[in-house]
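Data file: data-v2.pdb. Format and content: PDB, C-alpha atoms (C1' of nucleotides).
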ATOM      1  CA  MET O  15       0.000   0.000   0.000
ATOM      2  CA  ARG O  16       1.228   3.446  -0.891
ATOM      3  CA  ILE O  17      -0.528   6.206   0.996
ATOM      4  CA  SER O  18      -0.592   9.870   0.073
ATOM      5  CA  GLU O  19      -2.406  12.909   1.406
ATOM      6  CA  ASN O  20      -3.922  15.383  -1.040
ATOM      7  CA  PHE O  21      -6.087  18.499  -0.984
ATOM      8  CA  ILE O  22      -8.731  20.101  -3.150
ATOM      9  CA  GLY O  23      -8.415  23.626  -1.829
ATOM     10  CA  SER O  24      -8.567  22.929   1.881
ATOM     11  CA  TYR O  25     -10.625  19.745   1.503
ATOM     12  CA  PRO O  26      -8.446  16.731   2.252
ATOM     13  CA  PHE O  27      -8.433  13.265   0.808
ATOM     14  CA  VAL O  28      -6.169  10.288   1.142
ATOM     15  CA  ARG O  29      -5.213   8.120  -1.793
ATOM     16  CA  ILE O  30      -4.084   4.551  -1.261
ATOM     17  CA  ASP O  31      -2.557   2.604  -4.106
ATOM     18  CA  GLY O  32      -2.191  -1.137  -4.141
ATOM     19  CA  VAL O  33      -5.079  -2.199  -1.922
ATOM     20  CA  SER O  34      -5.926  -5.886  -2.143
ATOM     21  CA  GLU O  35      -8.896  -7.991  -1.074
ATOM     22  CA  LEU O  36     -10.914  -4.808  -0.798
ATOM     23  CA  ASP O  37     -14.088  -4.103  -2.749
ATOM     24  CA  ILE O  38     -16.191  -1.264  -1.429
ATOM     25  CA  GLU O  39     -19.261  -2.474  -3.313
ATOM     26  CA  LYS O  40     -19.197  -5.703  -1.373
ATOM     27  CA  ILE O  41     -18.192  -4.063   1.877
ATOM     28  CA  PHE O  42     -21.146  -1.692   1.875
ATOM     29  CA  ASP O  43     -23.541  -4.138   0.279
ATOM     30  CA  CYS O  44     -23.120  -7.114   2.560
ATOM     31  CA  GLY O  45     -25.422  -5.860   5.298
ATOM     32  CA  GLN O  46     -22.858  -5.163   8.019
ATOM     33  CA  CYS O  47     -23.381  -1.436   8.044
ATOM     34  CA  PHE O  48     -26.431   0.732   7.540
ATOM     35  CA  ARG O  49     -25.203   4.292   7.160
ATOM     36  CA  PHE O  50     -23.501   4.308   3.761
ATOM     37  CA  GLU O  51     -25.060   4.892   0.372
ATOM     38  CA  ARG O  52     -23.762   4.795  -3.167
ATOM     39  CA  VAL O  53     -22.753   8.174  -4.559
ATOM     40  CA  GLU O  54     -24.403   8.610  -7.936
ATOM     41  CA  ASN O  55     -22.505  10.637 -10.528
ATOM     42  CA  SER O  56     -19.209   9.707  -8.968
ATOM     43  CA  LYS O  57     -16.166  10.095 -11.190
ATOM     44  CA  HIS O  58     -14.907   6.797  -9.785
ATOM     45  CA  ALA O  59     -15.927   3.267 -10.678
ATOM     46  CA  SER O  60     -17.706   3.055  -7.343
ATOM     47  CA  GLU O  61     -18.148   5.372  -4.409
ATOM     48  CA  PHE O  62     -19.993   5.151  -1.089
ATOM     49  CA  SER O  63     -20.415   7.917   1.453
ATOM     50  CA  GLY O  64     -21.841   8.103   4.928
ATOM     51  CA  VAL O  65     -21.187   8.775   8.571
ATOM     52  CA  ALA O  66     -18.973   6.887  10.988
ATOM     53  CA  TYR O  67     -17.177   8.000  14.121
ATOM     54  CA  GLY O  68     -18.973  11.334  13.923
ATOM     55  CA  ARG O  69     -17.420  12.151  10.565
ATOM     56  CA  PHE O  70     -18.830  12.368   7.075
ATOM     57  CA  VAL O  71     -16.586  10.396   4.747
ATOM     58  CA  SER O  72     -16.632   9.068   1.215
ATOM     59  CA  PHE O  73     -14.818   5.961   0.006
ATOM     60  CA  ALA O  74     -14.171   5.691  -3.720
ATOM     61  CA  GLN O  75     -12.439   2.941  -5.622
ATOM     62  CA  ASP O  76     -10.875   2.442  -9.053
ATOM     63  CA  GLY O  77      -9.332  -0.987  -9.279
ATOM     64  CA  ASP O  78      -6.692  -1.265  -6.583
ATOM     65  CA  THR O  79      -6.743   2.436  -5.787
ATOM     66  CA  LEU O  80      -8.846   3.658  -2.881
ATOM     67  CA  TYR O  81      -9.739   7.273  -2.166
ATOM     68  CA  ILE O  82     -10.936   8.490   1.208
ATOM     69  CA  TYR O  83     -12.543  11.897   0.768
ATOM     70  CA  GLY O  84     -12.880  14.140   3.769
ATOM     71  CA  SER O  85      -9.932  12.550   5.535
ATOM     72  CA  ASP O  86      -6.441  13.880   6.032
ATOM     73  CA  LEU O  87      -3.537  11.661   6.930
ATOM     74  CA  ALA O  88      -4.073  12.067  10.663
ATOM     75  CA  ASP O  89      -7.717  11.018  10.377
ATOM     76  CA  PHE O  90      -6.756   8.102   8.220
ATOM     77  CA  GLU O  91      -4.324   6.818  10.788
ATOM     78  CA  ALA O  92      -6.630   7.528  13.719
ATOM     79  CA  VAL O  93      -9.848   6.147  12.259
ATOM     80  CA  TRP O  94     -10.111   4.849   8.719
ATOM     81  CA  ARG O  95      -7.151   2.492   8.638
ATOM     82  CA  GLY O  96      -8.743   0.556  11.458
ATOM     83  CA  TYR O  97     -12.299   1.044  10.233
ATOM     84  CA  LEU O  98     -11.477  -0.641   6.918
ATOM     85  CA  ASP O  99      -9.384  -3.282   8.681
ATOM     86  CA  LEU O 100      -6.517  -2.437   6.315
ATOM     87  CA  ASP O 101      -3.821  -4.031   8.406
ATOM     88  CA  ARG O 102      -5.380  -7.472   8.154
ATOM     89  CA  ASP O 103      -4.315  -9.785   5.361
ATOM     90  CA  TYR O 104      -7.559 -11.296   4.118
ATOM     91  CA  ARG O 105      -5.691 -13.909   2.070
ATOM     92  CA  GLU O 106      -4.381 -15.104   5.374
ATOM     93  CA  VAL O 107      -7.930 -15.047   6.777
ATOM     94  CA  GLU O 108      -9.088 -17.196   3.854
ATOM     95  CA  ARG O 109      -6.301 -19.678   4.420
ATOM     96  CA  ASP O 110      -7.115 -19.877   8.098
ATOM     97  CA  VAL O 111     -10.803 -20.487   7.493
ATOM     98  CA  LEU O 112     -10.131 -23.073   4.806
ATOM     99  CA  ALA O 113      -7.713 -24.864   7.079
ATOM    100  CA  HIS O 114     -10.723 -25.598   9.282
ATOM    101  CA  SER O 115     -13.207 -26.549   6.586
ATOM    102  CA  GLN O 116     -12.887 -27.438   2.911
ATOM    103  CA  ASN O 117     -16.644 -27.408   2.394
ATOM    104  CA  SER O 118     -17.299 -26.700  -1.296
ATOM    105  CA  ALA O 119     -19.890 -24.015  -0.602
ATOM    106  CA  LEU O 120     -17.449 -22.258   1.684
ATOM    107  CA  ILE O 121     -14.818 -22.324  -1.056
ATOM    108  CA  ALA O 122     -17.329 -20.907  -3.548
ATOM    109  CA  ALA O 123     -18.507 -18.284  -1.050
ATOM    110  CA  ILE O 124     -14.976 -17.071  -0.398
ATOM    111  CA  GLU O 125     -14.322 -16.847  -4.109
ATOM    112  CA  TYR O 126     -17.577 -14.980  -4.636
ATOM    113  CA  GLY O 127     -17.180 -12.638  -1.685
ATOM    114  CA  ARG O 128     -13.491 -11.830  -2.003
ATOM    115  CA  GLY O 129     -13.108  -8.132  -1.260
ATOM    116  CA  ILE O 130     -15.447  -8.130   1.702
ATOM    117  CA  ARG O 131     -13.848  -6.715   4.822
ATOM    118  CA  ILE O 132     -15.297  -6.539   8.289
ATOM    119  CA  LEU O 133     -15.656  -2.864   9.158
ATOM    120  CA  SER O 134     -14.638  -1.853  12.637
ATOM    121  CA  GLN O 135     -17.707   0.121  13.624
ATOM    122  CA  GLU O 136     -18.553   2.016  16.801
ATOM    123  CA  PRO O 137     -19.704  -0.376  19.523
ATOM    124  CA  PHE O 138     -22.752   1.521  20.750
ATOM    125  CA  GLU O 139     -23.987   2.260  17.249
ATOM    126  CA  CYS O 140     -23.566  -1.396  16.400
ATOM    127  CA  VAL O 141     -25.525  -2.590  19.400
ATOM    128  CA  ILE O 142     -28.442  -0.280  18.669
ATOM    129  CA  SER O 143     -28.371  -0.869  14.912
ATOM    130  CA  PHE O 144     -28.605  -4.622  15.263
ATOM    131  CA  ILE O 145     -31.359  -4.350  17.847
ATOM    132  CA  ILE O 146     -33.237  -2.405  15.192
ATOM    133  CA  SER O 147     -32.402  -5.033  12.592
ATOM    134  CA  GLN O 148     -34.428  -7.761  14.250
ATOM    135  CA  ASN O 149     -37.455  -8.967  12.306
ATOM    136  CA  ASN O 150     -36.874  -6.067   9.941
ATOM    137  CA  ASN O 151     -35.627  -5.313   6.432
ATOM    138  CA  ILE O 152     -32.585  -3.322   5.383
ATOM    139  CA  PRO O 153     -34.318  -0.274   3.834
ATOM    140  CA  ARG O 154     -36.367   0.264   6.971
ATOM    141  CA  ILE O 155     -33.425  -0.375   9.280
ATOM    142  CA  LYS O 156     -31.542   2.355   7.435
ATOM    143  CA  LYS O 157     -34.499   4.683   7.578
ATOM    144  CA  ILE O 158     -34.927   4.294  11.320
ATOM    145  CA  ILE O 159     -31.225   4.787  12.046
ATOM    146  CA  GLU O 160     -31.183   7.876   9.840
ATOM    147  CA  ALA O 161     -34.259   9.274  11.572
ATOM    148  CA  LEU O 162     -32.769   8.717  15.020
ATOM    149  CA  SER O 163     -29.545  10.415  13.968
ATOM    150  CA  GLU O 164     -31.377  13.401  12.533
ATOM    151  CA  ARG O 165     -33.516  13.631  15.621
ATOM    152  CA  CYS O 166     -30.829  13.580  18.272
ATOM    153  CA  GLY O 167     -27.409  13.113  16.711
ATOM    154  CA  GLU O 168     -24.924  15.916  16.255
ATOM    155  CA  ARG O 169     -25.142  17.750  12.987
ATOM    156  CA  ILE O 170     -22.059  17.468  10.788
ATOM    157  CA  GLU O 171     -21.136  20.634   8.908
ATOM    158  CA  LEU O 172     -19.943  20.176   5.335
ATOM    159  CA  CYS O 173     -17.918  22.417   3.074
ATOM    160  CA  ASP O 174     -18.982  22.748  -0.584
ATOM    161  CA  GLU O 175     -16.394  20.253  -1.728
ATOM    162  CA  ALA O 176     -17.645  17.655   0.766
ATOM    163  CA  LYS O 177     -21.226  18.119  -0.448
ATOM    164  CA  LYS O 178     -20.229  16.762  -3.840
ATOM    165  CA  HIS O 179     -19.880  13.376  -2.188
ATOM    166  CA  LEU O 180     -23.335  13.236  -0.638
ATOM    167  CA  SER O 181     -25.592  10.479  -1.877
ATOM    168  CA  GLY O 182     -28.738  12.598  -1.463
ATOM    169  CA  GLU O 183     -29.419  16.131  -0.333
ATOM    170  CA  ARG O 184     -29.665  15.132   3.298
ATOM    171  CA  ILE O 185     -27.453  16.794   5.853
ATOM    172  CA  PRO O 186     -25.444  14.168   7.722
ATOM    173  CA  TYR O 187     -25.755  13.628  11.472
ATOM    174  CA  ALA O 188     -23.618  11.609  13.821
ATOM    175  CA  PHE O 189     -25.145   8.551  15.436
ATOM    176  CA  PRO O 190     -26.761   9.579  18.742
ATOM    177  CA  SER O 191     -25.123   9.044  22.109
ATOM    178  CA  ALA O 192     -26.662   6.777  24.729
ATOM    179  CA  GLU O 193     -27.610   9.887  26.644
ATOM    180  CA  ALA O 194     -29.439  11.374  23.686
ATOM    181  CA  LEU O 195     -31.399   8.193  23.002
ATOM    182  CA  CYS O 196     -32.304   7.877  26.663
ATOM    183  CA  ALA O 197     -33.552  11.431  26.681
ATOM    184  CA  LEU O 198     -36.102  10.513  24.017
ATOM    185  CA  GLY O 199     -37.607   8.000  26.383
ATOM    186  CA  GLU O 200     -39.368   4.843  25.357
ATOM    187  CA  ALA O 201     -42.323   6.821  24.042
ATOM    188  CA  GLY O 202     -40.101   9.128  22.022
ATOM    189  CA  LEU O 203     -38.276   6.155  20.532
ATOM    190  CA  PHE O 204     -41.587   4.554  19.631
ATOM    191  CA  GLU O 205     -42.589   7.725  17.823
ATOM    192  CA  MET O 206     -39.504   7.253  15.671
ATOM    193  CA  LYS O 207     -41.182   4.184  14.159
ATOM    194  CA  THR O 208     -38.938   1.753  15.968
ATOM    195  CA  GLY O 209     -42.009  -0.263  16.913
ATOM    196  CA  PHE O 210     -41.680  -2.975  19.524
ATOM    197  CA  ARG O 211     -37.916  -2.334  19.552
ATOM    198  CA  ALA O 212     -38.387   1.003  21.338
ATOM    199  CA  LYS O 213     -38.203  -0.572  24.782
ATOM    200  CA  TYR O 214     -35.149  -2.575  23.729
ATOM    201  CA  ILE O 215     -33.305   0.508  22.489
ATOM    202  CA  TYR O 216     -34.249   2.298  25.666
ATOM    203  CA  ASP O 217     -33.015  -0.543  27.857
ATOM    204  CA  ALA O 218     -29.687  -0.767  26.020
ATOM    205  CA  SER O 219     -29.160   3.003  26.095
ATOM    206  CA  SER O 220     -29.992   3.407  29.771
ATOM    207  CA  ARG O 221     -27.729   0.516  30.758
ATOM    208  CA  VAL O 222     -24.869   2.109  28.838
ATOM    209  CA  LEU O 223     -25.633   5.548  30.246
ATOM    210  CA  SER O 224     -25.795   4.301  33.830
ATOM    211  CA  GLY O 225     -22.596   2.328  33.447
ATOM    212  CA  GLU O 226     -24.357  -0.951  34.119
ATOM    213  CA  LEU O 227     -23.252  -2.018  30.658
ATOM    214  CA  MET O 228     -19.692  -0.901  29.959
ATOM    215  CA  LEU O 229     -18.969  -1.456  26.318
ATOM    216  CA  ASP O 230     -15.212  -0.990  26.582
ATOM    217  CA  THR O 231     -15.131  -3.707  29.216
ATOM    218  CA  VAL O 232     -17.096  -6.016  26.951
ATOM    219  CA  ARG O 233     -14.375  -5.587  24.352
ATOM    220  CA  GLY O 234     -11.819  -7.121  26.661
ATOM    221  CA  GLU O 235     -13.808 -10.240  27.414
ATOM    222  CA  ASP O 236     -13.769 -13.464  25.505
ATOM    223  CA  THR O 237     -16.524 -13.837  22.945
ATOM    224  CA  GLU O 238     -18.806 -16.166  24.851
ATOM    225  CA  SER O 239     -18.915 -14.081  28.016
ATOM    226  CA  ALA O 240     -19.283 -10.949  25.922
ATOM    227  CA  ILE O 241     -22.352 -12.510  24.306
ATOM    228  CA  GLU O 242     -23.802 -13.315  27.710
ATOM    229  CA  LYS O 243     -23.135  -9.794  28.924
ATOM    230  CA  LEU O 244     -24.893  -8.226  25.928
ATOM    231  CA  CYS O 245     -27.787 -10.672  26.209
ATOM    232  CA  GLU O 246     -28.650  -9.178  29.603
ATOM    233  CA  VAL O 247     -30.122  -6.285  27.667
ATOM    234  CA  LYS O 248     -33.793  -6.759  26.902
ATOM    235  CA  GLY O 249     -34.202  -7.395  23.204
ATOM    236  CA  ILE O 250     -30.689  -8.637  22.605
ATOM    237  CA  GLY O 251     -30.383 -12.335  21.874
ATOM    238  CA  ARG O 252     -27.449 -14.348  20.597
ATOM    239  CA  LYS O 253     -27.886 -13.247  16.995
ATOM    240  CA  VAL O 254     -27.889  -9.511  17.726
ATOM    241  CA  ALA O 255     -25.117  -9.867  20.298
ATOM    242  CA  SER O 256     -22.949 -11.775  17.833
ATOM    243  CA  CYS O 257     -23.472  -9.195  15.104
ATOM    244  CA  ALA O 258     -22.584  -6.343  17.427
ATOM    245  CA  LEU O 259     -19.475  -8.165  18.623
ATOM    246  CA  LEU O 260     -18.328  -9.066  15.126
ATOM    247  CA  PHE O 261     -18.891  -5.661  13.580
ATOM    248  CA  GLY O 262     -18.265  -3.375  16.527
ATOM    249  CA  PHE O 263     -15.924  -5.113  18.942
ATOM    250  CA  GLY O 264     -13.443  -6.955  16.764
ATOM    251  CA  LYS O 265     -14.693 -10.366  17.832
ATOM    252  CA  TYR O 266     -14.000 -12.226  14.619
ATOM    253  CA  ASP O 267     -14.989 -15.582  16.031
ATOM    254  CA  ALA O 268     -18.516 -14.376  16.851
ATOM    255  CA  PHE O 269     -20.812 -16.320  14.532
ATOM    256  CA  PRO O 270     -24.266 -14.781  14.060
ATOM    257  CA  ILE O 271     -26.897 -17.365  13.204
ATOM    258  CA  ASP O 272     -29.848 -15.922  11.320
ATOM    259  CA  VAL O 273     -32.383 -17.333   8.880
ATOM    260  CA  TRP O 274     -29.817 -17.224   6.090
ATOM    261  CA  MET O 275     -27.255 -19.143   8.079
ATOM    262  CA  LYS O 276     -29.885 -21.760   8.860
ATOM    263  CA  ARG O 277     -30.480 -22.185   5.153
ATOM    264  CA  VAL O 278     -26.743 -22.393   4.517
ATOM    265  CA  ALA O 279     -26.327 -24.991   7.233
ATOM    266  CA  GLU O 280     -29.049 -27.191   5.815
ATOM    267  CA  LYS O 281     -28.206 -26.777   2.142
ATOM    268  CA  TYR O 282     -24.444 -27.122   2.173
ATOM    269  CA  PHE O 283     -23.462 -28.620   5.472
ATOM    270  CA  GLY O 284     -26.368 -30.985   6.044
ATOM    271  CA  ASP O 285     -26.382 -29.778   9.583
ATOM    272  CA  GLU O 286     -28.111 -27.671  12.187
ATOM    273  CA  ALA O 287     -26.923 -24.082  12.167
ATOM    274  CA  ASP O 288     -26.023 -23.978  15.836
ATOM    275  CA  THR O 289     -23.464 -26.743  15.402
ATOM    276  CA  LEU O 290     -21.719 -24.497  12.880
ATOM    277  CA  SER O 291     -19.492 -22.106  14.750
ATOM    278  CA  SER O 292     -15.937 -21.243  15.605
ATOM    279  CA  ARG O 293     -15.322 -24.975  16.051
ATOM    280  CA  THR O 294     -16.143 -25.391  12.378
ATOM    281  CA  PHE O 295     -14.375 -22.332  11.019
ATOM    282  CA  GLY O 296     -11.801 -21.247  13.584
ATOM    283  CA  ASP O 297     -10.912 -17.816  14.946
ATOM    284  CA  TYR O 298     -12.316 -16.112  11.853
ATOM    285  CA  ALA O 299     -15.671 -17.886  11.961
ATOM    286  CA  GLY O 300     -17.460 -14.533  11.830
ATOM    287  CA  ILE O 301     -15.750 -13.604   8.588
ATOM    288  CA  ALA O 302     -16.573 -17.035   7.168
ATOM    289  CA  GLN O 303     -20.162 -16.371   8.177
ATOM    290  CA  GLN O 304     -20.078 -13.089   6.289
ATOM    291  CA  TYR O 305     -18.814 -14.769   3.111
ATOM    292  CA  LEU O 306     -21.513 -17.437   3.395
ATOM    293  CA  PHE O 307     -24.217 -14.899   4.120
ATOM    294  CA  TYR O 308     -23.241 -12.736   1.169
ATOM    295  CA  TYR O 309     -23.034 -15.753  -1.110
ATOM    296  CA  GLU O 310     -26.406 -17.157  -0.124
ATOM    297  CA  ARG O 311     -28.120 -13.798  -0.104
ATOM    298  CA  TRP O 312     -26.909 -12.463  -3.447
ATOM    299  CA  ASN O 313     -25.703 -15.375  -5.511
ATOM    300  CA  ALA O 314     -27.313 -18.658  -4.660
ATOM    301  CA  VAL O 315     -30.795 -19.521  -5.892
TER     302      VAL O 315
ATOM    303  C1'  DG K  15     -54.528  -7.528   1.488
ATOM    304  C1'  DG K  16     -51.848 -11.174   4.133
ATOM    305  C1'  DG K  17     -47.036 -12.205   4.153
ATOM    306  C1'  DC K  18     -42.530 -11.109   5.025
ATOM    307  C1'  DA K  19     -38.178  -8.944   6.833
ATOM    308  C1'  DG K  20     -30.281 -10.918   8.985
ATOM    309  C1'  DG K  21     -35.096 -12.116  16.157
ATOM    310  C1'  DT K  22     -36.561 -12.075  20.783
ATOM    311  C1'  DC K  23     -39.828 -12.278  24.447
ATOM    312  C1'  DT K  24     -43.411 -14.614  26.729
ATOM    313  C1'  DA K  25     -46.596 -17.932  27.837
ATOM    314  C1'  DA K  26     -47.791 -22.507  27.655
ATOM    315  C1'  DG K  27     -46.925 -27.699  27.386
TER     316       DG K  27
ATOM    317  C1'  DC A  18     -36.405 -27.294  28.484
ATOM    318  C1'  DT A  19     -38.714 -26.664  24.108
ATOM    319  C1'  DT A  20     -41.794 -24.286  21.160
ATOM    320  C1'  DA A  21     -45.568 -21.726  19.079
ATOM    321  C1'  DG A  22     -47.394 -16.901  18.752
ATOM    322  C1'  DA A  23     -47.077 -12.106  18.999
ATOM    323  C1'  DC A  24     -44.782  -8.087  17.729
ATOM    324  C1'  DC A  25     -44.354  -2.323  14.902
ATOM    325  C1'  DT A  26     -44.015  -0.915  10.274
ATOM    326  C1'  DG A  27     -43.587  -0.438   5.331
ATOM    327  C1'  DC A  28     -43.303  -2.421   0.909
ATOM    328  C1'  DC A  29     -44.860  -5.955  -2.248
TER     329       DC A  29
END
Could the structure of this file be written out as structure tokens, please?
Amino acid sequence: MRISENFIGSYPFVRIDGVSELDIEKIFDCGQCFRFERVENSKHASEFSGVAYGRFVSFAQDGDTLYIYGSDLADFEAVWRGYLDLDRDYREVERDVLAHSQNSALIAAIEYGRGIRILSQEPFECVISFIISQNNNIPRIKKIIEALSERCGERIELCDEAKKHLSGERIPYAFPSAEALCALGEAGLFEMKTGFRAKYIYDASSRVLSGELMLDTVRGEDTESAIEKLCEVKGIGRKVASCALLFGFGKYDAFPIDVWMKRVAEKYFGDEADTLSSRTFGDYAGIAQQYLFYYERWNAV
DNA sequence: GGGCAGGTCTAAG
DNA sequence: CTTAGACCTGCC
């Protein structure tokens, strides 16, 4: 990777040449993250912009060159390098997973999904987002998260150059803090069309706010006890906990089992989904899950 | 219009 | 301990 910092006027962007196993279409299309949208009229082959870590950012890609608009070098090192998991060798991840299972569907899924990376998202946002995801579809999940952010997240000011990378006209807002979501109250959250999840979001937010649930402590625990800790929250079960841990806490062995994974288990492994896990796929079981999910969801009939 | 969407809770057996 | 139903809402 060759990294350089550039400016359009005072608007910064970072250019990275020689990225491998990185495809932003797959990364933002595989259902791990809900706050990025394709930028139409981009001058690049593909471009996605959105909000993470309180910043508005746009990722664009032409072949093995990646552009990060709205980021200077310091921001890249502090946030985006980790966010995109750039220091992990995904060829090595593939080898590790395949060392545990040579299942033919897994091999096909890895081939099909190559370029997917697990984004390192903000823990609290992840917890709330995947609570919202339950018994729900992606367009509405996105809509609810956007509405919550607009309602009580911090507004992000954009210069004219940054506005060129917006996907719509909407002004971006940071994801709300636990305090802000709590302040809405259960009734306020319900008004935001969260439905029966309102009480779950409220419970999670108030536990975080009160310190009863300390997310940075959860990060330090092993995956199984972290799952148990998160499951104390009303409305968080193993699936939501595993997603949050995989996408927000760097727990790559967390293996979310959803309806798709149940189908995968039956179709290709002739097995029950809950026997598929880190024992089957190793320390990167969660990434294997993501390949399989993406494969089944978008490719398989 | 009922069914469905990357689940979880609750109440019954 | 296991398992149906119910659950908000929006889009087909």
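Between CA of Arg131 in chain O and CA of Trp312 in chain O there is a distance of 16.5 Å.
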Q: Name all residues at most 12 Å from DC28 in chain A (count only C-alpha atoms (C1' of nucleotides); drop same-chain ones fewer than 3 positions away) and give them as a count of residues only.
A: 8
I need the contact residues of chain A against chain O, so if you could list those with any atom within 9 Å, counting all atoms listed in the file, and return them as a PDB file with C-alpha atoms (C1' of nucleotides), in the coordinates of the input, that would help.
ATOM      1  C1'  DC A  24     -44.782  -8.087  17.729  1.00  0.00           C
ATOM      2  C1'  DC A  25     -44.354  -2.323  14.902  1.00  0.00           C
ATOM      3  C1'  DT A  26     -44.015  -0.915  10.274  1.00  0.00           C
ATOM      4  C1'  DG A  27     -43.587  -0.438   5.331  1.00  0.00           C
TER       5       DG A  27
END
Counting only C-alpha atoms (C1' of nucleotides), which residues from chain K have an atom at most 8 Å from any atom of chain O, and could you show them as an mmCIF file with C-alpha atoms (C1' of nucleotides), in the coordinates of the input?
data_model
loop_
_atom_site.group_PDB
_atom_site.id
_atom_site.type_symbol
_atom_site.label_atom_id
_atom_site.label_comp_id
_atom_site.auth_asym_id
_atom_site.auth_seq_id
_atom_site.Cartn_x
_atom_site.Cartn_y
_atom_site.Cartn_z
ATOM 1 C "C1'" DA K 19 -38.178 -8.944 6.833
ATOM 2 C "C1'" DG K 20 -30.281 -10.918 8.985
ATOM 3 C "C1'" DG K 21 -35.096 -12.116 16.157
ATOM 4 C "C1'" DT K 22 -36.561 -12.075 20.783
ATOM 5 C "C1'" DC K 23 -39.828 -12.278 24.447
#
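CA of Gly77 in chain O sits 21.2 Å away from CA of Ser181 in chain O.
Atom pair CA of Leu162 in chain O / CA of Arg95 in chain O has a distance of 27.1 Å (rounded to one decimal).
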Q: Please identify all polymer residues within 12 Å of DT24 in chain K, counting only C-alpha atoms (C1' of nucleotides), omitting same-chain residues fewer than 5 positions from it, and present them as a PyMOL selection string.
A: chain A and resi 20-24
Excluding Lys57 in chain O and its own-chain neighbours fewer than 5 positions away, which residues fall within 10 Å of it when counting all atoms listed in the file? Please give them as a PDB file with C-alpha atoms, keeping the file's coordinate frame.
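Result file is result38.pdb:
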ATOM      1  CA  ALA O  74     -14.171   5.691  -3.720  1.00  0.00           C
ATOM      2  CA  GLN O  75     -12.439   2.941  -5.622  1.00  0.00           C
ATOM      3  CA  ASP O  76     -10.875   2.442  -9.053  1.00  0.00           C
TER       4      ASP O  76
END
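With only C-alpha atoms as the atoms that count, the residue of O:Leu203, O:Ile130, O:Ala66, O:Val141 with the shortest distance to Ala161 in chain O is O:Leu203.
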Q) Do you know which residues the PyMOL selection byres ((chain O and resi 283-291) around 10) returns on this file, as a PyMOL selection string? A) chain O and resi 117-120+267-282+292-300+302-303
